[in-house]
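Participant: This is the structure, below, for whatever I ask next.
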Amino acid sequence: MKKPHPLPLSRRERGGGQRQKKGLLVVVSAASGAGKSTLCRRLMRHRKNLIFSVSVTTRLPRPGEKDGEDYFFVSEAAFQAMRGRKELVEWAKVHDHFYGTPKHFLDRMRAQGKDVLLDLDVQGALAVKKHFPEAVLIFIRTPKFSDLERRLRSRSSETEAEIRRRLQTARRELRFAHRYDYQVINDEIPKAEKRLDKILKIETNKHK
């Protein structure tokens with residue numbers, strides 16, 4: 001386990017020290033089944049300056065995972081110490097393990113001119129916006145709520161109770177969609193990706 005501070009540089013952070021224009025901070029949220037993960041992966045493949053945020057977690061590494069590359073793996077004591085020093089922009093407990101977004105990672109990557117992408121729920125996204133008012137919040141949604149239910153059921157990988165729980169969470173999170181800077185309708189993946197790409201181009205041009 002790592003000491004609470006400082007966290008090591010990830011490979012994405014290493015490189016030249018040349019001063020550059022500050023990068024964007026982009027937060028994407030969506031209900032399960034809206035296609036968020038697929039869209040984020042496609043967007044990152046086509047935007048070479050866009051990198052995914054590296055979170056801090058108290059869980060043990062899984063086979064193949066690298067510290068500082070997939071996550072910053074720390075002890076629970078270290079995690080709580082980081083919380084106490086207000087070094088985490090947002091955090092949550094999931095399945096008995098803590099996860100959080102380290103502020104220093106966002107600051108350093110953006111200082112290098114990198115655009116940083118975060119995949120967060122509504123609570124986490126609004127916490128980031130509180131710390132970074134300039135953050136770009138994007139909510140991805142299906143054309144109709146019934147489309148979301150249809151997609152969830154088509155997976156055939158979850159029980160009826162799990163589907164109902166996800167739909168209940170989706171209804172709750174949709175109430176906060178108006179607090180996002182943009183809402184993107186994912187009717188077709190290629191079209192939705194173009195909408196996301198256009199948003200990032202607009203935001204980049206604002207800061208030229």
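Labeling convention for the structure tokens: chains A, B, ... as they appear, residues from 1 per chain, ligands from 1 in order of appearance.
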Write down as number ranges by chain the residues belonging to region 71-202 of chain A that are assigned helix (DSSP H, G or I) by DSSP computed on the backbone.

Facilitator: A: 76-84, 103-111, 122-131, 145-155, 160-174, 177-179, 189-202

Participant: Tell me, as a PDB file with N, CA and C atoms, in the first residue's frame, which residues lie within 6 Å of Lys114 (chain A), counting only C-alpha atoms; anything in the same chain fewer than 2 positions away does not count.

Facilitator:
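In the end it all went to selection-v1.pdb:
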```
ATOM      1  N   GLY A  23      -5.770  22.486 -19.751  1.00  0.00           N
ATOM      2  CA  GLY A  23      -6.713  21.592 -20.406  1.00  0.00           C
ATOM      3  C   GLY A  23      -8.116  21.659 -19.824  1.00  0.00           C
ATOM      4  N   ASN A  49      -5.663  14.096 -27.168  1.00  0.00           N
ATOM      5  CA  ASN A  49      -5.314  14.936 -26.015  1.00  0.00           C
ATOM      6  C   ASN A  49      -6.216  14.669 -24.812  1.00  0.00           C
ATOM      7  N   MET A 109      -2.411  17.293 -14.631  1.00  0.00           N
ATOM      8  CA  MET A 109      -2.667  16.933 -16.022  1.00  0.00           C
ATOM      9  C   MET A 109      -3.147  18.135 -16.822  1.00  0.00           C
ATOM     10  N   ARG A 110      -4.031  18.916 -16.237  1.00  0.00           N
ATOM     11  CA  ARG A 110      -4.547  20.097 -16.941  1.00  0.00           C
ATOM     12  C   ARG A 110      -3.446  21.139 -17.134  1.00  0.00           C
ATOM     13  N   GLN A 112      -0.504  20.483 -17.827  1.00  0.00           N
ATOM     14  CA  GLN A 112       0.265  19.999 -18.978  1.00  0.00           C
ATOM     15  C   GLN A 112      -0.501  20.169 -20.287  1.00  0.00           C
TER      16      GLN A 112
END
```

Participant: For Lys206 (chain A), which residue out of A:Leu148, A:Leu24, A:Ala161, A:Val94 is the nearest one, using only C-alpha atoms?

Facilitator: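 Selected residue with least distance to Lys206 (chain A): A:Leu24.
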
Participant: In Å, rounded to a single decimal, give me how far CA of Arg153 (chain A) is from CA of Lys194 (chain A).

Facilitator: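 Separating CA of Lys194 (chain A) from CA of Arg153 (chain A) is a distance of 26.6 Å.
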
Participant: In Å, how far is it from CA of Ile138 (chain A) to CA of Arg47 (chain A)?

Facilitator: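 We find that CA of Ile138 (chain A) and CA of Arg47 (chain A) lie 16.6 Å from each other.
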
Participant: Taking into account only C-alpha atoms, which residue in the set A:Thr57, A:Ala135, A:Phe73, A:Lys144 is nearest to Trp91 (chain A)?

Facilitator: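 Distance minimum relative to Trp91 (chain A) lands on A:Thr57.
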
Participant: Out of A:Ile185, A:Val128, A:Val116, A:Met82, which residue has the shortest atom-to-atom distance to Ala30 (chain A) when counting only C-alpha atoms?

Facilitator: A:Ile185

Participant: Per DSSP on the backbone, what are the strand (DSSP E or B) residues of region 1-206 of chain A, as a PyMOL selection string?

Facilitator: chain A and resi 2+25-30+50-52+55-57+67+71-74+88-94+97-102+115-119+136-141+182-185

Participant: Selected residues, C-alpha atoms, written as a PDB file, in the first residue's frame, please.

Facilitator:
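Here's the written file selection.pdb:
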```pdb
ATOM      1  CA  LYS A   2       1.126   3.539  -0.734  1.00  0.00           C
ATOM      2  CA  LEU A  25     -12.095  19.121 -17.261  1.00  0.00           C
ATOM      3  CA  VAL A  26     -14.952  17.068 -18.717  1.00  0.00           C
ATOM      4  CA  VAL A  27     -17.409  15.113 -16.568  1.00  0.00           C
ATOM      5  CA  VAL A  28     -19.816  12.656 -18.175  1.00  0.00           C
ATOM      6  CA  SER A  29     -22.811  11.119 -16.400  1.00  0.00           C
ATOM      7  CA  ALA A  30     -25.626   8.860 -17.549  1.00  0.00           C
ATOM      8  CA  LEU A  50      -8.130  13.478 -23.915  1.00  0.00           C
ATOM      9  CA  ILE A  51      -7.089  11.228 -21.030  1.00  0.00           C
ATOM     10  CA  PHE A  52      -9.114   9.384 -18.431  1.00  0.00           C
ATOM     11  CA  SER A  55      -8.899   7.477  -9.229  1.00  0.00           C
ATOM     12  CA  VAL A  56      -7.692   6.572  -5.756  1.00  0.00           C
ATOM     13  CA  THR A  57      -9.087   3.336  -4.314  1.00  0.00           C
ATOM     14  CA  ASP A  67      -0.639   1.360  -9.655  1.00  0.00           C
ATOM     15  CA  TYR A  71      -5.791   3.409 -10.052  1.00  0.00           C
ATOM     16  CA  PHE A  72      -3.750   4.819  -7.221  1.00  0.00           C
ATOM     17  CA  PHE A  73      -3.996   1.967  -4.713  1.00  0.00           C
ATOM     18  CA  VAL A  74      -3.860   3.154  -1.095  1.00  0.00           C
ATOM     19  CA  LEU A  88     -10.216  14.473  -2.974  1.00  0.00           C
ATOM     20  CA  VAL A  89     -12.600  16.359  -5.225  1.00  0.00           C
ATOM     21  CA  GLU A  90     -15.250  13.679  -4.720  1.00  0.00           C
ATOM     22  CA  TRP A  91     -15.417  10.234  -3.163  1.00  0.00           C
ATOM     23  CA  ALA A  92     -17.801   7.338  -2.650  1.00  0.00           C
ATOM     24  CA  LYS A  93     -17.947   3.927  -1.008  1.00  0.00           C
ATOM     25  CA  VAL A  94     -18.790   1.088  -3.382  1.00  0.00           C
ATOM     26  CA  HIS A  97     -14.225  -0.083  -0.835  1.00  0.00           C
ATOM     27  CA  PHE A  98     -13.569   3.650  -1.165  1.00  0.00           C
ATOM     28  CA  TYR A  99     -12.988   5.445  -4.450  1.00  0.00           C
ATOM     29  CA  GLY A 100     -12.123   9.084  -5.000  1.00  0.00           C
ATOM     30  CA  THR A 101     -10.810  11.631  -7.491  1.00  0.00           C
ATOM     31  CA  PRO A 102      -7.475  13.179  -6.433  1.00  0.00           C
ATOM     32  CA  ASP A 115      -8.091  17.394 -21.307  1.00  0.00           C
ATOM     33  CA  VAL A 116      -9.234  15.127 -18.474  1.00  0.00           C
ATOM     34  CA  LEU A 117     -12.366  12.965 -18.705  1.00  0.00           C
ATOM     35  CA  LEU A 118     -14.240  11.779 -15.616  1.00  0.00           C
ATOM     36  CA  ASP A 119     -17.025   9.196 -15.625  1.00  0.00           C
ATOM     37  CA  VAL A 136     -17.842  20.898 -18.422  1.00  0.00           C
ATOM     38  CA  LEU A 137     -20.690  18.640 -17.282  1.00  0.00           C
ATOM     39  CA  ILE A 138     -22.352  16.445 -19.914  1.00  0.00           C
ATOM     40  CA  PHE A 139     -25.375  14.252 -19.264  1.00  0.00           C
ATOM     41  CA  ILE A 140     -26.004  11.446 -21.740  1.00  0.00           C
ATOM     42  CA  ARG A 141     -29.559  10.202 -22.073  1.00  0.00           C
ATOM     43  CA  TYR A 182     -24.980  19.941 -21.929  1.00  0.00           C
ATOM     44  CA  GLN A 183     -27.382  17.066 -22.497  1.00  0.00           C
ATOM     45  CA  VAL A 184     -26.599  14.639 -25.302  1.00  0.00           C
ATOM     46  CA  ILE A 185     -29.214  12.312 -26.744  1.00  0.00           C
TER      47      ILE A 185
END
```
